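The next block is model35.txt, given as compact mmCIF, C-alpha atoms.
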```txt
# COMPACT_ATOMS: atom_id res chain seq x y z
CA MET A 1 -29.44 25.37 -7.11
CA ALA A 2 -27.78 23.37 -4.43
CA ALA A 3 -25.63 21.87 -7.11
CA ASN A 4 -23.20 24.76 -7.25
CA VAL A 5 -21.30 23.41 -4.30
CA SER A 6 -20.54 19.74 -3.92
CA ILE A 7 -20.55 18.50 -0.36
CA ILE A 8 -19.76 15.10 1.01
CA GLY A 9 -21.88 15.29 4.15
CA ARG A 10 -20.92 14.41 7.66
CA THR A 11 -22.38 10.92 7.77
CA THR A 12 -21.54 10.16 4.19
CA ARG A 13 -18.97 7.57 3.34
CA ILE A 14 -17.66 7.15 -0.17
CA ARG A 15 -15.54 4.26 -1.25
CA GLY A 16 -14.17 5.14 -4.63
CA ARG A 17 -12.93 7.95 -6.79
CA VAL A 18 -14.27 11.47 -6.76
CA THR A 19 -13.39 13.54 -9.79
CA GLY A 20 -14.61 16.70 -11.44
CA ASP A 21 -13.89 20.28 -12.40
CA VAL A 22 -15.60 22.13 -9.57
CA ASP A 23 -15.17 22.79 -5.89
CA LEU A 24 -15.65 20.06 -3.35
CA GLU A 25 -16.17 20.08 0.38
CA VAL A 26 -15.61 16.96 2.43
CA GLN A 27 -17.31 16.75 5.80
CA GLY A 28 -17.54 13.00 5.83
CA PHE A 29 -15.30 10.14 4.86
CA VAL A 30 -13.86 9.46 1.44
CA ASP A 31 -11.89 6.27 1.10
CA GLY A 32 -10.56 6.89 -2.34
CA GLU A 33 -8.82 9.37 -4.53
CA ILE A 34 -10.10 12.91 -4.93
CA ALA A 35 -9.06 14.77 -8.05
CA VAL A 36 -10.94 17.91 -8.97
CA GLY A 37 -10.16 21.04 -10.91
CA GLY A 38 -11.61 23.31 -8.27
CA ASP A 39 -10.87 23.89 -4.64
CA VAL A 40 -11.04 21.09 -2.13
CA THR A 41 -11.93 21.74 1.49
CA ILE A 42 -11.66 18.99 4.05
CA ASP A 43 -13.55 19.99 7.16
CA ALA A 44 -12.53 19.25 10.72
CA GLN A 45 -14.86 16.25 10.65
CA GLY A 46 -13.72 15.20 7.21
CA MET A 47 -11.41 12.31 6.50
CA VAL A 48 -9.82 11.19 3.29
CA GLY A 49 -8.02 7.89 2.97
CA ALA A 50 -6.19 8.51 -0.28
CA SER A 51 -4.58 11.23 -2.32
CA VAL A 52 -6.25 14.59 -2.80
CA ARG A 53 -5.68 16.80 -5.76
CA GLY A 54 -7.19 20.19 -6.46
CA ARG A 55 -6.48 23.75 -7.40
CA ARG A 56 -6.39 24.83 -3.79
CA VAL A 57 -6.56 22.23 -1.06
CA VAL A 58 -7.53 23.36 2.42
CA VAL A 59 -7.40 20.79 5.19
CA HIS A 60 -8.94 21.07 8.63
CA GLY A 61 -9.41 17.35 9.06
CA ALA A 62 -7.49 14.17 8.39
CA VAL A 63 -5.85 12.91 5.26
CA LYS A 64 -3.92 9.71 4.80
CA GLY A 65 -2.46 10.21 1.39
CA ASP A 66 -0.66 12.72 -0.75
CA LEU A 67 -1.89 16.28 -1.09
CA LEU A 68 -1.34 18.01 -4.36
CA GLY A 69 -2.40 21.58 -5.02
CA GLU A 70 -2.10 23.26 -8.37
CA GLU A 71 -2.08 26.61 -6.59
CA ALA A 72 -1.75 25.96 -2.90
CA VAL A 73 -2.16 23.55 -0.04
CA VAL A 74 -3.23 25.00 3.29
CA LEU A 75 -3.10 22.85 6.42
CA GLU A 76 -5.10 24.57 9.12
CA ASP A 77 -5.10 24.06 12.85
CA GLY A 78 -6.32 20.57 13.61
CA ALA A 79 -5.27 19.12 10.29
CA ARG A 80 -3.68 15.69 10.41
CA VAL A 81 -1.84 14.63 7.31
CA VAL A 82 0.16 11.50 6.69
CA GLY A 83 1.53 11.78 3.21
CA ASP A 84 3.46 14.02 0.90
CA VAL A 85 2.42 17.61 0.32
CA ARG A 86 3.18 19.34 -2.93
CA ALA A 87 2.08 22.72 -4.23
CA PRO A 88 3.56 26.00 -5.44
CA ARG A 89 2.57 27.37 -2.07
CA VAL A 90 2.19 25.32 1.07
CA ALA A 91 0.98 26.73 4.35
CA ILE A 92 1.07 24.76 7.58
CA ALA A 93 -0.63 26.52 10.45
CA PRO A 94 0.31 26.02 14.09
CA GLY A 95 -1.57 23.00 15.36
CA ALA A 96 -1.48 21.13 12.08
CA LEU A 97 0.24 17.75 12.14
CA VAL A 98 2.11 16.46 9.13
CA ARG A 99 4.16 13.39 8.51
CA GLY A 100 5.55 13.31 5.02
CA PHE A 101 7.57 15.07 2.39
CA VAL A 102 6.72 18.68 1.68
CA GLU A 103 7.66 20.38 -1.54
CA THR A 104 6.87 23.95 -2.49
CA GLY A 105 7.65 26.09 -5.48
CA GLU A 106 6.94 26.06 -9.18
CA GLY A 107 6.58 22.63 -10.64
CA ALA A 108 5.67 21.16 -7.31
CA GLY A 109 1.95 21.10 -7.94
CA ALA A 110 1.28 20.87 -11.63
CA PRO A 111 3.35 17.85 -12.77
CA ALA A 112 1.60 15.73 -10.23
CA LYS A 113 3.37 12.53 -11.13
CA THR A 114 4.18 11.66 -7.59
CA ALA A 115 7.42 9.75 -7.18
CA ARG A 116 9.14 11.08 -10.26
CA ALA A 117 8.34 14.63 -9.34
CA LEU A 118 9.69 14.00 -5.90
CA GLN A 119 13.05 12.49 -6.70
CA PRO A 120 14.49 15.01 -9.19
CA ALA A 121 13.60 17.78 -6.81
CA ALA A 122 15.00 16.01 -3.82
CA ARG A 123 18.35 15.26 -5.39
CA PRO A 124 19.27 18.82 -6.36
CA ILE A 125 18.34 19.91 -2.88
CA ALA A 126 20.46 17.23 -1.27
CA ALA A 127 23.37 17.62 -3.67
CA PRO A 128 24.31 21.26 -3.00
CA VAL A 129 24.18 20.60 0.69
CA ARG A 130 26.68 17.81 0.33
CA VAL A 131 28.80 19.71 -2.16
CA ALA A 132 29.11 22.79 -0.03
CA PRO A 133 30.96 21.34 2.97
CA PRO A 134 33.76 19.69 0.94
CA ALA A 135 34.28 22.94 -0.94
CA ALA A 136 34.45 24.83 2.29
CA GLN A 137 36.91 22.32 3.69
CA ALA A 138 38.99 22.43 0.52
CA HIS A 139 39.30 26.19 0.65
CA ALA A 140 39.84 26.20 4.34
CA ALA A 141 42.23 23.27 4.29
CA PRO A 142 45.47 25.14 5.02
CA PRO A 143 44.03 27.26 7.83
CA ALA A 144 41.53 24.59 8.81
CA PRO A 145 43.76 22.37 10.99
CA PRO A 146 43.52 24.84 13.86
CA ALA A 147 39.83 23.99 14.04
CA LYS A 148 40.44 20.33 14.72
CA PRO A 149 43.43 20.93 16.94
CA ALA A 150 41.35 23.51 18.75
CA GLU A 151 39.02 20.74 19.78
CA ARG A 152 41.92 18.66 20.90
CA VAL A 153 43.34 21.63 22.66
CA ALA A 154 40.12 22.13 24.47
CA GLN A 155 40.36 18.59 25.72
CA ALA A 156 44.05 18.72 26.36
CA ALA A 157 46.62 21.35 27.05
CA PRO A 158 46.59 24.58 25.00
CA ALA A 159 50.36 24.61 24.82
CA HIS A 160 50.34 21.68 22.43
CA ALA A 161 48.19 23.38 19.85
CA THR A 162 51.28 24.19 17.86
CA GLY A 163 52.39 20.62 18.24
CA GLY A 164 49.05 19.54 16.79
CA ASN A 165 49.76 21.62 13.75
CA ASN A 166 53.19 20.14 13.45
CA VAL A 167 51.95 16.59 13.47
CA PRO A 168 51.38 16.36 9.73
CA ALA A 169 54.53 18.34 8.97
CA ALA A 170 56.95 16.66 11.36
CA PRO A 171 55.58 13.26 12.29
CA GLY A 172 58.50 11.72 14.04
CA PRO A 173 60.28 13.29 16.98
CA ARG A 174 57.75 15.32 18.98
CA ARG A 175 54.68 13.39 20.07
CA PRO A 176 52.32 15.62 21.95
CA PRO A 177 49.69 12.90 22.49
CA PRO A 178 51.59 11.11 25.25
CA PRO A 179 51.45 14.11 27.60
CA VAL A 180 47.81 14.68 26.60
CA ILE A 181 46.57 11.61 28.41
CA PRO A 182 48.28 11.16 31.75
CA ALA A 183 46.40 7.94 32.49
CA LEU A 184 47.93 6.25 29.52
CA LYS A 185 51.30 7.58 30.48
CA LYS A 186 50.97 6.15 33.96
CA ALA A 187 49.70 2.90 32.54
CA LYS A 188 52.60 2.75 30.16
CA GLY A 189 54.95 3.59 32.94
CA GLN A 190 53.48 0.88 35.15
CA ILE A 191 53.62 -1.60 32.35
CA ALA A 192 57.13 -0.55 31.61
CA LYS A 193 58.06 -0.91 35.26
CA LYS A 194 56.45 -4.32 35.40
CA LYS A 195 58.36 -5.28 32.31
CA GLU A 196 61.49 -3.87 33.80
CA ARG A 197 60.90 -5.81 36.96
CA MET B 1 -31.05 21.02 3.48
CA ALA B 2 -29.35 18.33 1.72
CA SER B 3 -26.25 17.34 3.59
CA THR B 4 -24.50 15.63 0.75
CA VAL B 5 -24.41 17.17 -2.68
CA ILE B 6 -22.70 15.68 -5.67
CA GLY B 7 -22.67 18.82 -7.75
CA ALA B 8 -22.66 19.21 -11.49
CA GLY B 9 -19.16 18.58 -12.73
CA ILE B 10 -18.37 16.05 -10.03
CA THR B 11 -18.03 12.36 -10.74
CA VAL B 12 -18.09 9.74 -8.04
CA GLU B 13 -17.06 6.25 -8.96
CA GLY B 14 -17.64 3.84 -6.15
CA GLU B 15 -19.90 3.32 -3.23
CA ILE B 16 -21.68 6.08 -1.35
CA THR B 17 -23.18 5.34 2.04
CA THR B 18 -24.89 7.99 4.11
CA ASP B 19 -27.47 8.67 6.80
CA GLU B 20 -28.38 12.01 5.28
CA ASP B 21 -30.18 13.38 2.29
CA VAL B 22 -28.33 13.16 -0.95
CA VAL B 23 -28.65 15.39 -3.98
CA VAL B 24 -26.96 14.31 -7.16
CA ALA B 25 -26.49 16.85 -9.92
CA GLY B 26 -23.32 15.32 -11.27
CA THR B 27 -22.37 11.77 -12.08
CA VAL B 28 -22.42 8.74 -9.82
CA ARG B 29 -21.35 5.27 -10.82
CA GLY B 30 -21.48 2.38 -8.44
CA LYS B 31 -23.82 2.17 -5.52
CA LEU B 32 -25.74 4.69 -3.48
CA THR B 33 -27.19 3.85 -0.10
CA ALA B 34 -28.98 6.49 1.95
CA LYS B 35 -31.29 6.44 4.92
CA GLU B 36 -33.09 9.60 3.89
CA SER B 37 -34.19 11.01 0.57
CA VAL B 38 -32.20 10.82 -2.61
CA THR B 39 -32.70 13.41 -5.33
CA ILE B 40 -31.33 13.03 -8.81
CA GLU B 41 -31.56 16.40 -10.44
CA HIS B 42 -32.08 17.32 -14.03
CA GLY B 43 -28.83 16.88 -15.90
CA ALA B 44 -27.46 14.33 -13.48
CA THR B 45 -26.28 10.92 -14.60
CA VAL B 46 -26.49 8.02 -12.21
CA GLU B 47 -25.46 4.50 -13.04
CA ALA B 48 -25.95 2.86 -9.71
CA ASP B 49 -28.20 0.76 -7.59
CA ILE B 50 -29.95 3.02 -5.14
CA ALA B 51 -31.42 2.32 -1.73
CA GLY B 52 -33.08 5.02 0.34
CA ALA B 53 -36.22 6.20 2.07
CA SER B 54 -37.48 8.16 -0.89
CA LEU B 55 -36.19 8.89 -4.35
CA ILE B 56 -36.93 11.78 -6.66
CA VAL B 57 -35.57 11.49 -10.16
CA ALA B 58 -35.43 14.28 -12.70
CA GLY B 59 -32.24 13.20 -14.40
CA SER B 60 -30.90 10.04 -15.95
CA LEU B 61 -30.79 6.88 -13.87
CA THR B 62 -29.65 3.41 -14.80
CA GLY B 63 -29.91 0.91 -12.00
CA ASN B 64 -32.25 -0.77 -9.61
CA VAL B 65 -34.01 1.25 -6.98
CA THR B 66 -35.30 0.19 -3.59
CA ALA B 67 -37.05 2.81 -1.50
CA SER B 68 -38.73 2.25 1.83
CA GLU B 69 -41.23 5.04 1.23
CA ARG B 70 -41.66 6.34 -2.29
CA VAL B 71 -40.20 6.89 -5.71
CA ASP B 72 -41.15 9.85 -7.88
CA LEU B 73 -40.08 9.99 -11.49
CA GLN B 74 -40.50 13.57 -12.61
CA SER B 75 -41.00 14.91 -16.06
CA GLY B 76 -37.76 14.73 -17.98
CA ALA B 77 -36.50 11.76 -15.99
CA ARG B 78 -35.02 8.86 -17.84
CA VAL B 79 -34.91 5.66 -15.83
CA ILE B 80 -33.82 2.19 -16.81
CA GLY B 81 -34.08 -0.37 -14.04
CA ASN B 82 -36.39 -1.98 -11.59
CA VAL B 83 -38.16 0.08 -9.00
CA LYS B 84 -39.32 -1.29 -5.69
CA ALA B 85 -41.20 0.98 -3.29
CA ALA B 86 -44.47 1.26 -1.41
CA ARG B 87 -45.48 4.19 -3.59
CA VAL B 88 -44.35 5.00 -7.08
CA THR B 89 -45.35 7.92 -9.24
CA ILE B 90 -44.35 8.49 -12.83
CA ALA B 91 -44.97 11.96 -14.15
CA ASP B 92 -46.09 12.62 -17.67
CA GLY B 93 -42.98 13.03 -19.78
CA ALA B 94 -40.82 10.67 -17.77
CA GLN B 95 -39.12 7.87 -19.63
CA PHE B 96 -39.05 4.56 -17.86
CA LYS B 97 -38.13 1.01 -18.67
CA GLY B 98 -38.23 -1.62 -15.95
CA ASN B 99 -40.31 -3.44 -13.45
CA VAL B 100 -42.34 -1.78 -10.77
CA ASP B 101 -42.86 -3.59 -7.49
CA MET B 102 -45.17 -1.76 -5.10
CA ASP B 103 -45.16 -4.38 -2.38
CA ILE B 104 -48.78 -5.39 -2.80
```

What is this file in structure tokens?
Amino acid sequence: MAANVSIIGRTTRIRGRVTGDVDLEVQGFVDGEIAVGGDVTIDAQGMVGASVRGRRVVVHGAVKGDLLGEEAVVLEDGARVVGDVRAPRVAIAPGALVRGFVETGEGAGAPAKTARALQPAARPIAAPVRVAPPAAQAHAAPPAPPAKPAERVAQAAPAHATGGNNVPAAPGPRRPPPPVIPALKKAKGQIAKKKER
Amino acid sequence: MASTVIGAGITVEGEITTDEDVVVAGTVRGKLTAKESVTIEHGATVEADIAGASLIVAGSLTGNVTASERVDLQSGARVIGNVKAARVTIADGAQFKGNVDMDI
């Protein structure tokens, strides 16, 4: 009768694996892996010292290990998680603390093979981000120089903006930089004077 | 009532320590230490040494038992191991193989 729901009670401490096909509620301390086919609920008092895997993982307490939900992972207010979180759907409520990698979407929960699942997903995400800026720069290359000169202009005199554009085209005769920094000019002048003297 | 329930379909491999009642309807392998009563329900499989105040067994148990109060082996229980307790009852229909030490 009471066996329908499995509960790790408040003063209960388990060192070892907990596996099964049904729901599990953790109010106490489990220092070991949890892997069940049903839902896992970790109460506010509950603590788990290793990875947790379930259909739907709801955390109110503390977990030091990876969380893996076949359907969802829900981190409620007061949850403290140090580890990676993976599930098709991940919810992190205000007040929940997480330190780790979070991955949502299809394929995030089911494969479950931790590091390998992480890396292929992480690379595609990182790659487009890196690809995009060069492409943007490439397309914007001809009109882009104004952007950089604009910064220089902001620091220096606006009149030399055109000179900034000319720098790559006509390197030699006109050098706007000297007027840009008066201090250097004075220094050069002083040095020159000293040399002259 | 029972604060810790290892339900049917759950397997615990390792050591369980608790101050509360424990009901096992699933599978436990390792060691089980409780300060209150331990109940092993019909259909449960326990391969563990058990320590507790009292123990009620209706399922399958392999391991040594130490109880500070009593041990009751109910009908349908299957127990292999030594039992040490102040009071021990074995119901008709319970299977048991092991020593009984009633602290005489």

### CA of Val5 (chain B) to CA of Glu69 (chain B), distance in Å rounded to a single decimal
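Straight-line distance from CA of Val5 (chain B) to CA of Glu69 (chain B) works out to 21.1 Å.
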
### Task
Residues of chain B near chain A: apply a cut-off of 6 Å, count all atoms listed in the file, and supply the list as a list in words.
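Using all atoms listed in the file, chain B residues at most 6 Å from chain A: Ser3, Thr4, Val5, Ile6, Gly7, Ala8, Gly9, Ile10, Thr11, Val12, Glu13, Gly14, Glu15, Ile16, Thr17, Thr18, Asp19 and Ala25 of chain B.
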
### Query
Which residues, written as a list in words, have at least one atom at most 6 Å from Thr104 (chain A), with all atoms listed in the file counted and residues fewer than 2 positions away on the same chain left out?
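The neighbour list is Arg86, Ala87, Pro88, Arg89 and Ala108 of chain A.
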
### Message
Would you compute the distance between CA of Glu41 (chain B) and CA of Thr41 (chain A)? Give it in Å to one decimal.
### Response
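It comes out at 23.6 Å.
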
### Contacts of region 60-76 of chain A within 7 Å, all atoms listed in the file, excl. fewer than 3 positions in-chain, as a PyMOL selection string
chain A and resi 42-57+79-93+96+109-110+112

Prev. selection, C-alpha atoms, output as a short mmCIF file (atom, residue, chain, number, x, y, z; two decimals), keeping the file's coordinate frame:
```
data_model
loop_
_atom_site.label_atom_id
_atom_site.label_comp_id
_atom_site.auth_asym_id
_atom_site.auth_seq_id
_atom_site.Cartn_x
_atom_site.Cartn_y
_atom_site.Cartn_z
CA ILE A 42 -11.66 18.99 4.05
CA ASP A 43 -13.55 19.99 7.16
CA ALA A 44 -12.53 19.25 10.72
CA GLN A 45 -14.86 16.25 10.65
CA GLY A 46 -13.72 15.20 7.21
CA MET A 47 -11.41 12.31 6.50
CA VAL A 48 -9.82 11.19 3.29
CA GLY A 49 -8.02 7.89 2.97
CA ALA A 50 -6.19 8.51 -0.28
CA SER A 51 -4.58 11.23 -2.32
CA VAL A 52 -6.25 14.59 -2.80
CA ARG A 53 -5.68 16.80 -5.76
CA GLY A 54 -7.19 20.19 -6.46
CA ARG A 55 -6.48 23.75 -7.40
CA ARG A 56 -6.39 24.83 -3.79
CA VAL A 57 -6.56 22.23 -1.06
CA ALA A 79 -5.27 19.12 10.29
CA ARG A 80 -3.68 15.69 10.41
CA VAL A 81 -1.84 14.63 7.31
CA VAL A 82 0.16 11.50 6.69
CA GLY A 83 1.53 11.78 3.21
CA ASP A 84 3.46 14.02 0.90
CA VAL A 85 2.42 17.61 0.32
CA ARG A 86 3.18 19.34 -2.93
CA ALA A 87 2.08 22.72 -4.23
CA PRO A 88 3.56 26.00 -5.44
CA ARG A 89 2.57 27.37 -2.07
CA VAL A 90 2.19 25.32 1.07
CA ALA A 91 0.98 26.73 4.35
CA ILE A 92 1.07 24.76 7.58
CA ALA A 93 -0.63 26.52 10.45
CA ALA A 96 -1.48 21.13 12.08
CA GLY A 109 1.95 21.10 -7.94
CA ALA A 110 1.28 20.87 -11.63
CA ALA A 112 1.60 15.73 -10.23
#
```

### Task
Kindly indicate which residue among B:Thr66, B:Ser75, B:Gln95, B:Thr33 lies nearest to Glu20 (chain B), using all atoms listed in the file for the distances.
B:Thr33

### Query
To one decimal place, how far is CA of Val83 (chain B) from CA of Val57 (chain B) in Å?
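Separation between CA of Val83 (chain B) and CA of Val57 (chain B): 11.8 Å.
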
### Query
So which residues are close to (-30.6, 14.9, -20.9), meaning at most 7 Å away in the file's coordinates with all atoms listed in the file counted, and can you show them as a PyMOL selection string?
chain B and resi 43+59-60

### Task
Please provide as an MDAnalysis selection string all residues within 12 Å of Ile50 (chain B), with the sequence filter that same-chain residues fewer than 4 positions apart are discarded (counting all atoms listed in the file).
chainID B and resid 15:18 22 24 28:40 46 54:57 61:68 71 81:85

#### Entry: Contacts of Phe96 (chain B) at 6 Å (all atoms listed in the file; same-chain gap of 4+ positions) as a list in words
Arg78, Val79 and Ile80 of chain B

### Query
Pick from B:Asp49, B:Gln74, B:Gly26, B:Ala44: nearest to Gly93 (chain B), with only C-alpha atoms counted?
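So, comparing all the options, the nearest one is B:Gln74.
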